[in-house]
Structure formats: structure tokens, C-alpha cells
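**Q** Here you go, this is entry_23.pdb (PDB, C-alpha atoms).
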ATOM      1  CA  MET A   1     149.800  87.940  68.123
ATOM      2  CA  ALA A   2     148.950  90.774  65.734
ATOM      3  CA  ASN A   3     145.819  91.726  67.652
ATOM      4  CA  GLY A   4     147.573  92.074  71.016
ATOM      5  CA  GLY A   5     146.785  88.601  72.397
ATOM      6  CA  ILE A   6     142.955  88.540  72.143
ATOM      7  CA  ILE A   7     141.271  86.910  69.181
ATOM      8  CA  GLY A   8     137.927  88.346  68.206
ATOM      9  CA  PRO A   9     135.982  90.445  65.710
ATOM     10  CA  VAL A  10     136.645  94.135  65.140
ATOM     11  CA  ASN A  11     134.302  96.193  67.342
ATOM     12  CA  THR A  12     133.353  99.834  67.633
ATOM     13  CA  VAL A  13     132.330 102.059  70.519
ATOM     14  CA  ASN A  14     128.586 102.805  70.632
ATOM     15  CA  ALA A  15     128.229 106.519  71.134
ATOM     16  CA  GLY A  16     126.493 107.661  74.305
ATOM     17  CA  GLY A  17     123.755 110.229  74.404
ATOM     18  CA  CYS A  18     120.874 111.505  76.483
ATOM     19  CA  ALA A  19     117.840 109.382  77.307
ATOM     20  CA  PRO A  20     114.676 111.529  77.048
ATOM     21  CA  ALA A  21     112.355 112.217  79.953
ATOM     22  CA  SER A  22     109.647 109.577  80.227
ATOM     23  CA  ALA A  23     106.444 108.998  82.190
ATOM     24  CA  THR A  24     105.265 105.581  83.378
ATOM     25  CA  SER A  25     101.549 105.247  84.199
ATOM     26  CA  PHE A  26     100.127 102.660  86.595
ATOM     27  CA  THR A  27      96.400 101.954  86.339
ATOM     28  CA  SER A  28      96.780  98.966  88.650
ATOM     29  CA  SER A  29      99.248  98.131  91.397
ATOM     30  CA  GLY A  30     102.756  97.145  90.316
ATOM     31  CA  THR A  31     106.489  97.896  90.555
ATOM     32  CA  PHE A  32     108.427 100.869  89.230
ATOM     33  CA  THR A  33     112.110 100.309  88.385
ATOM     34  CA  ALA A  34     114.183 103.479  88.142
ATOM     35  CA  ALA A  35     116.292 103.854  84.998
ATOM     36  CA  ALA A  36     118.793 106.210  86.678
ATOM     37  CA  THR A  37     119.584 107.806  90.023
ATOM     38  CA  ALA A  38     117.599 111.045  89.967
ATOM     39  CA  SER A  39     114.713 113.000  91.461
ATOM     40  CA  VAL A  40     111.429 111.996  89.842
ATOM     41  CA  ASP A  41     108.076 113.726  89.584
ATOM     42  CA  TYR A  42     104.882 111.927  90.507
ATOM     43  CA  LEU A  43     101.113 112.003  90.289
ATOM     44  CA  VAL A  44      99.314 109.951  92.947
ATOM     45  CA  VAL A  45      95.500 109.929  92.782
ATOM     46  CA  ALA A  46      93.391 107.748  95.093
ATOM     47  CA  GLY A  47      90.103 106.034  94.272
ATOM     48  CA  GLY A  48      86.964 108.162  94.423
ATOM     49  CA  GLY A  49      84.167 107.588  96.920
ATOM     50  CA  GLY A  50      80.808 106.109  95.900
ATOM     51  CA  GLY A  51      77.683 108.262  95.598
ATOM     52  CA  ASP A  52      74.662 107.943  97.885
ATOM     53  CA  TYR A  53      71.474 106.031  97.179
ATOM     54  CA  ALA A  54      69.566 108.002  99.867
ATOM     55  CA  SER A  55      66.875 105.440 100.565
ATOM     56  CA  ALA A  56      63.884 106.557 102.548
ATOM     57  CA  PRO A  57      60.673 104.844 103.687
ATOM     58  CA  ALA A  58      58.103 107.157 102.134
ATOM     59  CA  THR A  59      59.650 109.970 100.082
ATOM     60  CA  TYR A  60      62.379 110.437  97.533
ATOM     61  CA  HIS A  61      65.542 112.101  98.735
ATOM     62  CA  GLY A  62      68.534 113.505  96.949
ATOM     63  CA  GLY A  63      71.626 111.386  97.393
ATOM     64  CA  ALA A  64      74.966 113.108  97.838
ATOM     65  CA  GLY A  65      77.947 112.862  95.501
ATOM     66  CA  GLY A  66      81.021 110.882  96.498
ATOM     67  CA  GLY A  67      84.263 112.656  97.327
ATOM     68  CA  ALA A  68      87.093 112.573  94.797
ATOM     69  CA  GLY A  69      90.216 110.601  95.533
ATOM     70  CA  GLY A  70      93.051 112.552  97.116
ATOM     71  CA  TYR A  71      95.349 114.296  94.606
ATOM     72  CA  ARG A  72      99.085 114.731  95.144
ATOM     73  CA  SER A  73     101.595 115.684  92.447
ATOM     74  CA  SER A  74     104.921 117.423  91.800
ATOM     75  CA  GLY A  75     106.716 118.999  88.885
ATOM     76  CA  PRO A  76     106.144 121.827  86.412
ATOM     77  CA  THR A  77     103.057 120.120  84.954
ATOM     78  CA  THR A  78     101.271 120.495  88.286
ATOM     79  CA  PRO A  79      99.370 123.715  89.141
ATOM     80  CA  SER A  80     101.456 125.599  91.699
ATOM     81  CA  PRO A  81      98.972 125.553  94.624
ATOM     82  CA  THR A  82      99.041 121.748  94.627
ATOM     83  CA  ARG A  83     102.679 121.229  93.640
ATOM     84  CA  GLY A  84     104.854 119.041  95.838
ATOM     85  CA  SER A  85     108.584 118.391  95.513
ATOM     86  CA  ALA A  86     110.252 115.738  93.351
ATOM     87  CA  VAL A  87     111.546 112.700  95.264
ATOM     88  CA  PRO A  88     114.821 110.728  94.942
ATOM     89  CA  VAL A  89     115.163 107.236  93.466
ATOM     90  CA  VAL A  90     118.198 105.030  92.785
ATOM     91  CA  GLY A  91     118.885 103.661  89.322
ATOM     92  CA  GLY A  92     118.083  99.962  89.000
ATOM     93  CA  SER A  93     116.072  99.909  92.251
ATOM     94  CA  SER A  94     112.430  98.801  92.329
ATOM     95  CA  TYR A  95     109.633 100.619  94.143
ATOM     96  CA  THR A  96     106.136  99.411  95.034
ATOM     97  CA  ILE A  97     103.139 101.197  93.520
ATOM     98  CA  THR A  98      99.611 100.800  94.917
ATOM     99  CA  VAL A  99      96.651 102.059  92.864
ATOM    100  CA  GLY A 100      93.445 102.455  94.869
ATOM    101  CA  GLY A 101      90.091 101.282  93.537
ATOM    102  CA  GLY A 102      86.928 103.359  93.583
ATOM    103  CA  GLY A 103      84.345 102.801  96.305
ATOM    104  CA  ALA A 104      81.009 101.152  95.591
ATOM    105  CA  ALA A 105      77.822 103.144  96.291
ATOM    106  CA  GLY A 106      78.266 104.863  99.641
ATOM    107  CA  VAL A 107      81.722 103.371 100.211
ATOM    108  CA  LYS A 108      84.992 105.239 100.677
ATOM    109  CA  GLY A 109      87.629 104.968  97.928
ATOM    110  CA  VAL A 110      90.946 103.157  98.444
ATOM    111  CA  ASN A 111      94.313 104.873  99.023
ATOM    112  CA  SER A 112      96.997 105.085  96.318
ATOM    113  CA  VAL A 113     100.666 104.939  97.390
ATOM    114  CA  PHE A 114     104.087 105.524  95.813
ATOM    115  CA  ASN A 115     106.868 103.997  97.933
ATOM    116  CA  TYR A 116     110.352 105.460  97.446
ATOM    117  CA  ASN A 117     113.569 104.990  99.419
ATOM    118  CA  GLY A 118     111.857 104.206 102.708
ATOM    119  CA  SER A 119     109.264 106.987 102.386
ATOM    120  CA  THR A 120     105.827 107.223 100.793
ATOM    121  CA  ILE A 121     103.540 109.567  98.929
ATOM    122  CA  THR A 122     100.031 108.545 100.004
ATOM    123  CA  SER A 123      96.756 109.915  98.643
ATOM    124  CA  THR A 124      93.636 109.053 100.645
ATOM    125  CA  GLY A 125      90.468 107.603  99.134
ATOM    126  CA  GLY A 126      87.510 109.941  98.621
ATOM    127  CA  GLY A 127      84.707 109.961 101.188
ATOM    128  CA  GLY A 128      81.741 107.670 100.620
ATOM    129  CA  ALA A 129      78.312 109.334 100.514
ATOM    130  CA  ASN A 130      75.756 107.538 102.644
ATOM    131  CA  GLU A 131      73.285 108.734 105.271
ATOM    132  CA  PRO A 132      74.860 107.078 108.331
ATOM    133  CA  ASN A 133      78.337 106.791 106.796
ATOM    134  CA  PRO A 134      81.208 107.375 109.258
ATOM    135  CA  ASN A 135      83.644 107.436 106.310
ATOM    136  CA  LYS A 136      82.469 110.520 104.423
ATOM    137  CA  ASP A 137      85.722 112.335 105.245
ATOM    138  CA  GLY A 138      88.724 111.520 103.067
ATOM    139  CA  GLY A 139      91.138 112.849 100.469
ATOM    140  CA  SER A 140      88.062 114.827  99.466
ATOM    141  CA  GLY A 141      84.822 114.766 101.445
ATOM    142  CA  SER A 142      81.530 113.429 100.164
ATOM    143  CA  GLY A 143      78.502 115.658  99.860
ATOM    144  CA  GLY A 144      75.803 115.746 102.500
ATOM    145  CA  ASN A 145      72.488 113.935 102.129
ATOM    146  CA  SER A 146      69.241 115.875 101.786
ATOM    147  CA  ASN A 147      67.811 114.235 104.910
ATOM    148  CA  ASP A 148      67.955 116.830 107.679
ATOM    149  CA  SER A 149      70.338 119.014 105.631
ATOM    150  CA  LYS A 150      73.348 116.929 106.526
ATOM    151  CA  SER A 151      76.744 118.533 106.180
ATOM    152  CA  GLY A 152      79.372 117.323 103.720
ATOM    153  CA  GLY A 153      82.491 115.423 104.690
ATOM    154  CA  SER A 154      85.855 117.042 105.336
ATOM    155  CA  GLY A 155      88.612 116.961 102.734
ATOM    156  CA  ASN A 156      92.389 116.706 103.155
ATOM    157  CA  THR A 157      91.884 114.034 105.811
ATOM    158  CA  PRO A 158      94.453 113.133 107.024
ATOM    159  CA  PRO A 159      96.133 116.460 106.244
ATOM    160  CA  THR A 160      98.949 116.745 103.717
ATOM    161  CA  SER A 161     100.934 119.725 102.487
ATOM    162  CA  PRO A 162     100.045 120.798  99.840
ATOM    163  CA  GLY A 163      96.471 119.768 100.606
ATOM    164  CA  GLN A 164      95.135 116.704  98.814
ATOM    165  CA  GLY A 165      91.445 117.602  98.621
ATOM    166  CA  SER A 166      88.395 119.665  99.499
ATOM    167  CA  ALA A 167      85.186 119.372 101.526
ATOM    168  CA  GLY A 168      81.843 118.187 100.207
ATOM    169  CA  GLY A 169      78.782 120.419  99.921
ATOM    170  CA  SER A 170      75.897 120.182 102.352
ATOM    171  CA  GLY A 171      72.489 118.760 101.470
ATOM    172  CA  SER A 172      69.346 120.852 101.306
ATOM    173  CA  ASP A 173      66.409 120.440 103.656
ATOM    174  CA  PRO A 174      64.272 117.347 103.023
ATOM    175  CA  ALA A 175      61.521 119.279 101.281
ATOM    176  CA  LEU A 176      63.903 120.261  98.493
ATOM    177  CA  ASN A 177      65.339 116.765  98.229
ATOM    178  CA  SER A 178      68.801 117.718  97.024
ATOM    179  CA  GLY A 179      72.110 116.096  97.894
ATOM    180  CA  GLY A 180      75.346 118.037  98.099
ATOM    181  CA  GLY A 181      78.183 117.536  95.635
ATOM    182  CA  GLY A 182      81.401 115.753  96.545
ATOM    183  CA  GLY A 183      84.633 117.669  97.005
ATOM    184  CA  ALA A 184      87.419 117.605  94.416
ATOM    185  CA  GLY A 185      91.042 116.637  94.878
ATOM    186  CA  GLY A 186      93.867 119.112  95.377
ATOM    187  CA  THR A 187      92.558 122.650  95.029
ATOM    188  CA  GLY A 188      89.894 121.524  92.562
ATOM    189  CA  GLY A 189      87.134 123.052  94.667
ATOM    190  CA  ALA A 190      84.583 122.107  97.288
ATOM    191  CA  GLY A 191      81.296 120.463  96.409
ATOM    192  CA  SER A 192      78.290 122.752  96.040
ATOM    193  CA  PRO A 193      75.208 122.515  98.274
ATOM    194  CA  GLY A 194      71.611 122.000  97.069
ATOM    195  CA  PRO A 195      68.863 122.968  96.417
ATOM    196  CA  THR A 196      68.921 121.560  92.859
ATOM    197  CA  GLY A 197      71.550 118.870  93.160
ATOM    198  CA  GLY A 198      74.943 120.112  94.243
ATOM    199  CA  ALA A 199      77.737 120.067  91.668
ATOM    200  CA  GLY A 200      80.898 118.181  92.471
ATOM    201  CA  GLY A 201      84.226 119.999  92.684
ATOM    202  CA  ALA A 202      85.812 120.607  89.270
ATOM    203  CA  GLY A 203      89.071 118.685  89.806
ATOM    204  CA  VAL A 204      92.639 119.525  88.753
ATOM    205  CA  ALA A 205      94.160 119.446  85.248
ATOM    206  CA  ASN A 206      97.631 117.898  84.875
ATOM    207  CA  THR A 207      99.868 117.208  81.842
ATOM    208  CA  ILE A 208     102.380 114.811  83.415
ATOM    209  CA  THR A 209     101.519 112.184  80.769
ATOM    210  CA  GLY A 210     101.948 114.711  77.942
ATOM    211  CA  SER A 211      98.268 115.465  77.360
ATOM    212  CA  PRO A 212      96.076 117.522  79.704
ATOM    213  CA  VAL A 213      93.846 115.328  81.870
ATOM    214  CA  THR A 214      91.572 116.471  84.693
ATOM    215  CA  TYR A 215      91.755 114.282  87.783
ATOM    216  CA  SER A 216      89.790 113.992  91.035
ATOM    217  CA  LYS A 217      86.396 115.472  90.181
ATOM    218  CA  GLY A 218      83.755 115.355  92.899
ATOM    219  CA  GLY A 219      80.532 113.427  92.302
ATOM    220  CA  GLY A 220      77.321 115.377  91.678
ATOM    221  CA  GLY A 221      74.419 115.320  94.128
ATOM    222  CA  GLY A 222      71.053 113.847  93.142
ATOM    223  CA  HIS A 223      67.921 115.964  93.104
ATOM    224  CA  ALA A 224      64.239 115.058  93.132
ATOM    225  CA  GLY A 225      60.954 116.878  93.334
ATOM    226  CA  ASN A 226      57.876 115.419  94.914
ATOM    227  CA  THR A 227      57.308 113.413  91.728
ATOM    228  CA  GLY A 228      60.575 111.591  92.254
ATOM    229  CA  ALA A 229      62.117 112.659  88.951
ATOM    230  CA  VAL A 230      65.627 111.344  88.546
ATOM    231  CA  GLY A 231      68.378 113.915  88.715
ATOM    232  CA  ALA A 232      72.073 113.070  88.519
ATOM    233  CA  PRO A 233      72.410 109.392  87.544
ATOM    234  CA  GLY A 234      74.597 106.901  89.306
ATOM    235  CA  VAL A 235      77.639 106.340  87.108
ATOM    236  CA  ALA A 236      81.218 105.234  87.692
ATOM    237  CA  GLY A 237      83.219 108.402  88.139
ATOM    238  CA  ALA A 238      81.705 111.877  88.110
ATOM    239  CA  ALA A 239      82.614 112.404  84.451
ATOM    240  CA  GLY A 240      82.731 108.767  83.403
ATOM    241  CA  GLY A 241      86.542 108.747  83.183
ATOM    242  CA  SER A 242      88.414 105.670  84.336
ATOM    243  CA  ASN A 243      91.560 105.941  86.480
ATOM    244  CA  THR A 244      90.991 109.582  87.293
ATOM    245  CA  GLY A 245      89.843 109.217  90.911
ATOM    246  CA  ASN A 246      86.447 110.847  90.323
ATOM    247  CA  GLY A 247      83.699 110.573  92.918
ATOM    248  CA  GLY A 248      80.501 108.700  92.050
ATOM    249  CA  ASN A 249      77.301 110.660  91.451
ATOM    250  CA  GLY A 250      74.405 110.525  93.883
ATOM    251  CA  VAL A 251      70.907 109.428  92.896
ATOM    252  CA  ILE A 252      67.422 109.849  94.251
ATOM    253  CA  GLY A 253      65.279 106.971  95.261
ATOM    254  CA  GLN A 254      64.126 104.388  97.698
ATOM    255  CA  SER A 255      65.087 100.843  98.629
ATOM    256  CA  ALA A 256      67.264  99.293  95.916
ATOM    257  CA  VAL A 257      68.175 102.483  94.027
ATOM    258  CA  VAL A 258      71.911 103.035  94.470
ATOM    259  CA  GLY A 259      74.454 105.723  93.727
ATOM    260  CA  GLY A 260      77.357 105.533  91.339
ATOM    261  CA  ALA A 261      80.675 103.901  92.141
ATOM    262  CA  GLY A 262      83.758 106.077  92.419
ATOM    263  CA  GLY A 263      86.395 105.884  89.726
ATOM    264  CA  PRO A 264      89.721 104.098  90.386
ATOM    265  CA  GLY A 265      92.876 106.100  90.943
ATOM    266  CA  ILE A 266      96.186 106.287  89.084
ATOM    267  CA  VAL A 267      99.910 106.685  89.781
ATOM    268  CA  VAL A 268     102.292 108.255  87.246
ATOM    269  CA  ILE A 269     106.080 108.512  87.714
ATOM    270  CA  LYS A 270     108.014 110.851  85.411
ATOM    271  CA  GLU A 271     111.778 110.427  85.136
ATOM    272  CA  PRO A 272     113.957 113.300  83.869
ATOM    273  CA  ALA A 273     116.329 113.050  80.921
ATOM    274  CA  TYR A 274     119.660 111.464  81.895
ATOM    275  CA  PRO A 275     123.036 110.878  80.155
ATOM    276  CA  ARG A 276     123.876 107.477  78.709
ATOM    277  CA  PRO A 277     127.651 106.735  78.513
ATOM    278  CA  ASN A 278     129.496 105.209  75.595
ATOM    279  CA  THR A 279     129.315 101.417  75.545
ATOM    280  CA  ALA A 280     131.832  98.918  74.179
ATOM    281  CA  PRO A 281     130.341  95.405  73.912
ATOM    282  CA  GLY A 282     132.040  92.352  72.513
ATOM    283  CA  VAL A 283     135.634  91.130  72.379
ATOM    284  CA  TRP A 284     138.385  93.719  71.947
ATOM    285  CA  SER A 285     142.038  93.558  70.959
ATOM    286  CA  MET A 286     144.507  94.911  73.511
ATOM    287  CA  ASN A 287     145.926  97.323  70.945
ATOM    288  CA  THR A 288     142.499  98.850  70.276
ATOM    289  CA  VAL A 289     141.724  99.122  73.991
ATOM    290  CA  TYR A 290     145.089 100.795  74.594
ATOM    291  CA  GLY A 291     144.357 103.277  71.830
ATOM    292  CA  PHE A 292     140.980 104.217  73.290
ATOM    293  CA  VAL A 293     142.377 104.522  76.819
ATOM    294  CA  LYS A 294     145.226 106.704  75.565
ATOM    295  CA  ASP A 295     142.754 108.987  73.772
ATOM    296  CA  GLY A 296     140.421 109.108  76.793
ATOM    297  CA  ASN A 297     137.536 107.464  74.873
ATOM    298  CA  TRP A 298     137.257 104.200  76.814
ATOM    299  CA  VAL A 299     134.530 103.812  79.477
TER     300      VAL A 299
END
Have the structure of the file written as C-alpha cells, please.
**A**
Amino acid sequence: MANGGIIGPVNTVNAGGCAPASATSFTSSGTFTAAATASVDYLVVAGGGGGDYASAPATYHGGAGGGAGGYRSSGPTTPSPTRGSAVPVVGGSSYTITVGGGGAAGVKGVNSVFNYNGSTITSTGGGGANEPNPNKDGGSGSGGNSNDSKSGGSGNTPPTSPGQGSAGGSGSDPALNSGGGGGAGGTGGAGSPGPTGGAGGAGVANTITGSPVTYSKGGGGGHAGNTGAVGAPGVAGAAGGSNTGNGGNGVIGQSAVVGGAGGPGIVVIKEPAYPRPNTAPGVWSMNTVYGFVKDGNWV
């Protein structure tokens, strides 16, 4: 046969090239499938802790801010004090991603996890701000309540290297009615103490998605004078941002007045650029294949 024994249309080789670097963001739990075998960068932010309602039987008290979700990241887009190392993945393999939700008022945030090749990158939920709360430690600690000048929670709990978060600020004495601010993730700063409503830690800016975004801000502490004036309101996330792992703000009040919920976390995986080989789909004549093989152009 004139075409070397295989009947079919005339085909051409599709030229290879280089696939650009790309980032995949997860705002809810899911599965990441690697495009190529490589080392990938990551951003793993846990859910922020909820702010404190600081109820009291007779006086208004300043509720503390919730701790930010733990912050762990790698790559050149990550500030160097908080920069981890890229991790290996295998092309075509799937990896489980868990995105932690923010805690309700006074409740600790939920962990976020990136599973890769039998290992994990885990960021711990931010501490929940509540007067008797045993869970005020976390990725970042919650602030301390104004009642009896309670201390803030510890950050980077459990410890990671680089550290995933900071401590919360302490509350003022009851007469000043000021809650401490929640700690921020990474090296974003500890929460400030009272006496006028402690500020939450500032958080960490990262450009892994291409645009600068600040993650893991600590929640602000509530403040009240004897008149019970409202200070920092209870809102979801210290700066109102979703999927940034911010801690919820504290409020002042009694009985049913509650603090803000923490913001949910996020996981971002960034794959580097990788080469794509020539492809040759379809049906080929033996003569054409022989010619490509001879010239070293057949893959």
C-alpha cells in the first residue's frame, strides 16, 4: 500500500511547549490533582476563632477577639520569616484538601490540611474567645476577657516551624471593661491588650494567587464604659473578608449579646511551569512514522 500499510488521514505533530505556573484555590474541602511531577508551593490557612460575648450578671464587660487561623505557606510569594519549603507531588495523582470553617462566637476554628504523598501540612484553628474557654490556644491565641484581666491564649499551638501564629493580648481589669485582641497567623503579630479594646494582630500578606491578600488577622477586643457603649462589633472575620482565616471580633454585653464568628480558612496550591512534549494523535502511515523516528521528532 502507498501509505505503508495503514489507511488513515494525513496527520501532523502538535508542537510541545511549556505549561505556565498556575494556582488552584480551595475555599471548601476537595481534591487536588497534580498536572505534573514537581515540587509545589502551598498556602494553608485554618478557620479563625470566634470572638467573645463576655456576658456578666450586672455590668458590661469587654469581650476578647478570636485568634486567627494558623498560617503556613511556602514559595517566593511568602514573607521569609514564615516561609516553608515546597513539597513533592506526582503527576496525575490526587490529594485530599480540607478547608477549616470559622468558629462561632467563643468557639475555636477548624484545622485546614493539605495531604501530599503520605505527609500533611496542617494549620490549626484559631483560639475561641470565651471566659471559661479551654480552647483559647490555637494556631493563633484568642485575646483575654476583661473579667479579672484574663491572659490571652497561646499561639503556634501545636508548634510548627516556621511558626503558624501568635498569642492573644490580655484583657484589662474589669473597671476598664476592655477585651484583648486575638493573635494573628504566621508572624502577623500578637493581639494588643486593653484598656480601650485591644487590636487584633495585623496578619500576613501573600501573593500566591497573583494579587496581594492579607490572611489570618486577629479579631479585635470589645470595649465598654460604664454606660455600656458598644465598641468593636461582632462580625464574621476581623476585617469582614471571607476565606482568609480572620478571628471574630469581641463585643460587650450581657446575656444574649454574642461575639463575631471567625472567618473560614483557605488552601491554595501553586504548581510550577512544566514542559509539555510533542503529541501525535490520530492514525499515522508507517512511512510518516519512520520519517519522524529517523529525524528524532517522534515521541
**Q** Starting from the PyMOL selection byres ((chain A and resi 124-126) around 6), expand the selection into actual residues of this file and give them as a list in words.
**A**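 Selected by the PyMOL selection byres ((chain A and resi 124-126) around 6) in this file: Ala46, Gly47, Gly48, Gly49, Gly67, Ala68, Gly69, Gly70, Lys108, Gly109, Val110, Asn111, Ser123, Gly127, Gly138, Gly139 and Ser140 of chain A.
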**Q** With distances taken over all atoms listed in the file, which of A:Ile208, A:Ala167, A:Val113, A:Val258 is nearest to Val45 of chain A?
**A**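 Among the listed residues, the smallest separation from Val45 of chain A belongs to A:Val113.
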**Q** Between atom CA of Gly51 of chain A and atom CA of Arg83 of chain A, what is the distance, to one decimal in Å?
**A**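 Distance reported for this atom pair: 28.2 Å.
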**Q** Smallest atom-to-atom distance to Phe32 of chain A: which of A:Thr78, A:Ser94, A:Ser146, A:Thr120, using all atoms listed in the file?
**A**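 Comparing A:Thr78, A:Ser94, A:Ser146, A:Thr120 against Phe32 of chain A, the winner is A:Ser94.
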**Q** Using all atoms listed in the file, can you tell me which of A:Gly91, A:Pro212, A:Gly203, A:Gly141 comes closest to Val107 of chain A?
**A**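 Using all atoms listed in the file, the shortest distance to Val107 of chain A belongs to A:Gly141.
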**Q** Box in all listed atoms of segment 126-144 of chain A, axis-aligned, with 3 Å more on each side; write out centre and edge lengths in Å to one decimal as lines of an AutoDock Vina configuration file.
**A**
center_x = 82.2
center_y = 111.3
center_z = 103.9
size_x = 23.9
size_y = 15.0
size_z = 16.6
**Q** Step by step: start from the point (109.8, 116.2, 73.7) in the file's coordinates, keep every protein, DNA or RNA residue that has an atom no farther than 10 Å from it, count only C-alpha atoms, and write the set as number ranges by chain.
**A** A: 20-22, 210
**Q** Which residue is closest to Pro264 of chain A? Choose from A:Asn135, A:Thr214, A:Asn243, A:Thr122 and count all atoms listed in the file.
**A**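 Nearest candidate to Pro264 of chain A out of A:Asn135, A:Thr214, A:Asn243, A:Thr122: A:Asn243.
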**Q** In the coordinates of the file, take the point (108.8, 117.3, 94.3) and a cut-off of 12 Å; then, counting all atoms listed in the file, name each qualifying protein, DNA or RNA residue as a list in words.
**A**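 Nearby residues: Ala38, Ser39, Val40, Asp41, Tyr42, Leu43, Arg72, Ser73, Ser74, Gly75, Pro76, Thr77, Thr78, Ser80, Thr82, Arg83, Gly84, Ser85, Ala86, Val87, Pro88, Val89, Ile121, Ser161, Pro162, Ile269, Lys270 and Glu271 of chain A.
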**Q** Please, what distance in Å, to one decimal, runs between atom CA of Gly201 of chain A and atom CA of Ile266 of chain A?
**A**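 Rounded to one decimal, the two atoms are 18.5 Å apart.
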